[in-house]
Every structure is written in C-alpha cells, then in structure tokens.
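S.K.: I'd like to ask you about the structure that follows.
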Amino acid sequence: MGFLIDCPNCGPRSVYEFKFGGEDKTPPGLKGGVKDWRHYFYFNLNVNGSSDEWWYHSGGCGAWLRVTRNTATNEVISVSRASADREVEK
Amino acid sequence: MASQKQLWKFREPAKTYDAVIIGGGLHGLAAAYYLARDYKMSNVAVLERNYLGYGGSGRNTEVIRANQRAPEILPFYVQSNQLWNELSAELEWNLMVWMKGLIGLAHNDAGLNAMRLRHETQVRMGIENYLLSPEEIRKLVPSLDITNNPAIPIVGGYHNPPGGQVRHDAAVWGLAKGCSKLGVHLCPGVEVTGIVVKDDRVTGVETTKGPISAPVVHMAPGGWSSDVARMAGIDLPVVTLPLQALVTECVKPFLNHVVIDELYFCYVQQSIKGDLIMGAHLDPWQSFNNYNTYEFAAEQAYFILQLFPDLAHLKLMRAWSGLCDMTVDGAPIMGECGPKGLFIDAGWGYFGFKGSTACGKNMAELIATGRCPEKIKFLGMDRFYEGRMVPEVYLARS
C-alpha cells in the first residue's frame, strides 16, 4: 500500500502527488569545509524509524512541507508548512 | 526415496572467532565461503537475526549480468558471472544458472546513444554485445511488438549474451551448504546489538546471545546497512528504498531472454517454471517497509503490454519488494571503514544479487590478506569525501 500525506493546504492526498525532498539535514554553513559539505550532500542518517523530511506537493498546492514519518511503517506522524523562520548560520 | 541428509548445520555462536560476519544473506555467506575456501579461515561465524536469505537475497528478480555502465566496475561483474557459473559444480548443488542472455530495448535516439556508449565500453573490455535493429530483435523475441502500435515504438536494442538467471533460494542454500561443509558457523536468530571498538580497533560484537569477541567484523547487512554501521558510529552515504517486483501465473515457455526496457523502466523474464518475473519500481522515498503498491502493478501491466500485447489478461500472482540501500553514484561501497578490523559491504542498489559472488570473493581477499583487490580498490567509502564518484548512476525516475 502507498500512504497519504495530510497536506495543510489541500487535505489528505496520495503520496504519489508529492515529491520527496530528502532528510531534513543541517547544512554546515559558510565556515564548513569541502569535507563537511560532501558529508552534508551525500551522507544520510537513513533512520529506520521516526525521520524528519522535506516533501514538495508538486501535484497539488506547490508548497514545501516538513513531514515527520516513521520509515519502518510509513506512518505520517506530523505535517507542517515549511517556514522561513528557521535560523540560518551567516 | 528422497535424501534425508542434512545440507548444513546451524550452531549457537561460540565466545570467540577469527572473524564475525553480520548478515546471513548471499553477501555474508559468499564472504564466509571464500574466506574458508581460499584462505582457510573457517573459524568464522555468520550472524543473522532472521533466517538465512531473509532480506534482498530472497526478494530480488534473479538476474545476473555484466553490462553495467561504468568501465572500471565491469571486471567485477565479469568475475561475478564466472563465479556463478563455477559454483554449482563446486558446491555440488544446482543453482539453476541459465545464461539466457539479455535483450535491451530503446525507443528513441537518447536510448540508442546510451546503448552505443555501453556497447563500445563492453566490446573494448571483451564482453560480447551486439546492437540490433527491431527486425533483428524480433527474430530473437518473436512475441515482441515492433510495430508502430505502442505509444512509443521500439527503434533498436542490444543483445548481451553473457547474462541470465540464477535461482536465488538455491544460491542461498548452496552457499550455506558450502560454508557448513568448510566449518563456518551459521547462526540464524542471533541479532547483533552492538559493535565493540577499543583504541580504534574492533574487538567484537554484542548480540542477543551474549558478547562475541573477534578481531575482524564484516558488515554485510543489505538494506539495513545504516542501522548496523551506526552501531560503530558510522554514517553511510545511502538511502534505503524498497524495490518492487511481481510474478504472473505460469504459461508455456515463449520468452528465452531477459528483456529490459530502459525507457519504460521495466524488465521481464520467464522462469523455468513458466511464470513471468517482472520489475521493477523504486519509490524514491526512504522506507524500511517491504510494501507493494497498486500504482506499481498498474504501471507494470501497462509497460509490459506495450511490449507484449499478447500478455493481456494474464493474472498477477504475487508481488514483493526488497530493500535497496542506494548510494548517490549508484555504485556499491566495499572496503575497510572506521576502526581497524571493521569492514563494510553496502550500497547495493540494483546490483546486490548479481554481484554477491564477486563481492564475497574480493571482500574475503581483503579481510584475509589486508590487501585491497584492484577490482574493488576504488569502491571505498572515502570516495564520497574525495569526490571520486563512479559513473554508475542509473536511478529510478522520481
């Protein structure tokens, strides 16, 4: 079975309407070296359990979402709109 | 009267070994087998938390081939093919190796160009391959629709004879038999719960059956590679995705090749029994859940009917999925990693089944001699930090 993601704008929709944007990772910032950036790009926690992720509702409202999902069961635990209030290291 | 002789023995793990292998799939079993056969290292335990062959070893589509894209990795798959062909006689166990050959299909210029590139690479490396017109393909696969009826008609393809099918369960059982005969301890039902490291050296593992000490720990856990590596404090450059496949009901033999379509992203072969094994779809989000979707079955049916319209109304019997731990460049990770004595074998997206024999052989050489064989030297995990990617990318659509 596929699963549903409860989009805050559109309501529950099939996962196939969405694009997966990968794990929610913290970028190394401007002071990070090449090795840090490569770690950020290529390596993953790849958690077997509760995982924080980015999803994009490409077949719907076009919003970026932050989703917490259990990767062992595909149960969607929480969904929220991605907001710009996150602190970015300058 | 059928033989009642036991093919292998399962053991409770001992307290100490020369090497412990985490994962009792084809990769772990092959590594143990070649350690014992080639290097007389038989004081080895294979620890498996479920049953032998629980993961990808029993959830694949049984294809072996040596026509991958990256030239540096091809000798590895050529060796793997050779080993598959030697193993039945060596193990005295029929792996049902059927070198039926592969047929690849292209539907446009981009597809043909990609095939020409791979054709040149293979031919220069001594791998038999032919580029064919649709009419020539039809002589090999008469049931294929080469007319203009499909939504996107076939414009050409290749015939790659050195590939085919191996019965995957037989491979697991054969290697288990071989390992057991050489004195390797096979321990199913034993879960590794920790990897013990002292002074930057691995000294053993913690398990549900107590601690085991060993100077060498080899991680071959398939799709669960990140879980296992994390026990040693190591992040891996992989994401775990379930790859879906299915079989139809049995019909009379009509398909003598593995037919691979790279535009429709599907492949099909007919087993000796007569059912059609088809794959494959990769949902591009991480999941450790072996789930199947209706979308996959519907898409697969559409794709296959574009190629073989006569298969309409054939029943789908069964679908399954296996976990693929995919690297960003599509090539596997093999080598020593982290503390001394710790080895990793991971990142096998599409190539885990076909590569298992050569992987076992080369990892055994590395573990036993400390020298990294040429065939896997460039596949260490440091390549991701050094920007030395292997151009094997062959990813599913997302």
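Ordering of the structure tokens sets the chain letters (A, B, ...); residue numbers start at 1 within each chain; ligands are numbered from 1 in the order shown.
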May I have all residues of chain A that DSSP, computed from the backbone, assigns to strand (DSSP E), given as an MDAnalysis selection string?
M.R.: chainID A and resid 4:7 11:14 19:23 50:56 64:70 75:81
S.K.: Residues of chain B within 9 Å of chain A, counting only C-alpha atoms - could you list those as a PyMOL selection string?
M.R.: chain B and resi 224+226-227+230+235-240+284-295+327-328+384-387+398
S.K.: I need the residues from that last selection saved to file as an mmCIF file, in the first residue's frame (with C-alpha atoms), if you can.
M.R.:
data_model
loop_
_atom_site.group_PDB
_atom_site.id
_atom_site.type_symbol
_atom_site.label_atom_id
_atom_site.label_comp_id
_atom_site.auth_asym_id
_atom_site.auth_seq_id
_atom_site.Cartn_x
_atom_site.Cartn_y
_atom_site.Cartn_z
ATOM 1 C CA TRP B 224 19.741 -2.363 6.919
ATOM 2 C CA SER B 226 22.778 2.226 8.062
ATOM 3 C CA ASP B 227 21.353 0.581 11.201
ATOM 4 C CA ARG B 230 25.518 3.282 13.234
ATOM 5 C CA ASP B 235 27.061 7.311 8.866
ATOM 6 C CA LEU B 236 26.723 5.850 5.382
ATOM 7 C CA PRO B 237 26.122 7.694 2.090
ATOM 8 C CA VAL B 238 22.999 5.661 1.373
ATOM 9 C CA VAL B 239 19.222 5.847 1.430
ATOM 10 C CA THR B 240 17.148 2.680 1.815
ATOM 11 C CA PRO B 284 12.081 7.452 -4.300
ATOM 12 C CA TRP B 285 11.442 7.971 -0.573
ATOM 13 C CA GLN B 286 13.245 6.167 2.205
ATOM 14 C CA SER B 287 11.378 3.243 3.695
ATOM 15 C CA PHE B 288 12.261 0.073 5.553
ATOM 16 C CA ASN B 289 8.767 -1.277 4.941
ATOM 17 C CA ASN B 290 8.565 -4.069 2.334
ATOM 18 C CA TYR B 291 5.347 -2.707 0.856
ATOM 19 C CA ASN B 292 3.779 -3.005 -2.589
ATOM 20 C CA THR B 293 1.504 -0.508 -4.265
ATOM 21 C CA TYR B 294 -1.387 -0.771 -6.676
ATOM 22 C CA GLU B 295 0.262 2.022 -8.692
ATOM 23 C CA THR B 327 24.371 5.376 -2.947
ATOM 24 C CA VAL B 328 24.278 8.677 -4.775
ATOM 25 C CA PHE B 384 32.430 10.388 -1.330
ATOM 26 C CA TYR B 385 34.685 12.709 0.648
ATOM 27 C CA GLU B 386 37.297 12.840 -2.132
ATOM 28 C CA GLY B 387 34.821 13.419 -4.971
ATOM 29 C CA SER B 398 11.250 10.240 -9.269
#
S.K.: Set the distance at 7 Å and use only C-alpha atoms: which residues neighbour stretch 336-353 of chain B once local chain neighbours fewer than 3 positions away are removed? I'd like the list as a ChimeraX atom specification.
M.R.: /B:57,62,200-202,215-220,222,225,238,324-327,330-333,356
S.K.: Write a file of the just-selected residues containing C-alpha atoms, as a PDB file, in the first residue's frame.
M.R.:
ATOM      1  CA  SER B  57      18.680 -12.449  -1.222  1.00  0.00           C
ATOM      2  CA  GLU B  62      17.270 -13.286 -10.107  1.00  0.00           C
ATOM      3  CA  ASP B 200      40.371   2.413  17.331  1.00  0.00           C
ATOM      4  CA  ARG B 201      40.300  -1.372  16.848  1.00  0.00           C
ATOM      5  CA  VAL B 202      37.244  -3.519  16.593  1.00  0.00           C
ATOM      6  CA  PRO B 215      39.453  -9.064  15.653  1.00  0.00           C
ATOM      7  CA  VAL B 216      37.527  -8.782  12.372  1.00  0.00           C
ATOM      8  CA  VAL B 217      33.885  -7.745  11.934  1.00  0.00           C
ATOM      9  CA  HIS B 218      32.430  -7.676   8.426  1.00  0.00           C
ATOM     10  CA  MET B 219      29.120  -5.843   7.943  1.00  0.00           C
ATOM     11  CA  ALA B 220      27.024  -7.305   5.104  1.00  0.00           C
ATOM     12  CA  GLY B 222      21.921  -5.414   2.892  1.00  0.00           C
ATOM     13  CA  SER B 225      23.333  -1.161   6.395  1.00  0.00           C
ATOM     14  CA  VAL B 238      22.999   5.661   1.373  1.00  0.00           C
ATOM     15  CA  CYS B 324      17.912  -1.349  -1.689  1.00  0.00           C
ATOM     16  CA  ASP B 325      20.450   0.824   0.110  1.00  0.00           C
ATOM     17  CA  MET B 326      21.267   3.231  -2.705  1.00  0.00           C
ATOM     18  CA  THR B 327      24.371   5.376  -2.947  1.00  0.00           C
ATOM     19  CA  GLY B 330      24.785   4.039  -7.964  1.00  0.00           C
ATOM     20  CA  ALA B 331      27.929   2.009  -7.189  1.00  0.00           C
ATOM     21  CA  PRO B 332      28.468  -0.056  -4.034  1.00  0.00           C
ATOM     22  CA  ILE B 333      30.680   0.596  -1.009  1.00  0.00           C
ATOM     23  CA  SER B 356      27.160 -11.226  -4.471  1.00  0.00           C
TER      24      SER B 356
END
S.K.: For B:Trp93, which residue among B:Val390, B:Leu366, B:Val172, B:Ala319 is the nearest when counting only C-alpha atoms?
M.R.: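 Under the stated criterion, the closest residue is B:Val172.
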S.K.: How far is it from atom CA of B:Val20 to atom CA of B:Val44, in Å with one decimal?
M.R.: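 Separation of atom CA of B:Val20 and atom CA of B:Val44: 5.7 Å.
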S.K.: With only C-alpha atoms as the atoms that count, which of B:Thr357, B:Ser133, B:Thr16, B:Asn50 lies nearest to B:Cys187?
M.R.: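 Between B:Thr357, B:Ser133, B:Thr16, B:Asn50, the residue approaching B:Cys187 most closely is B:Asn50.
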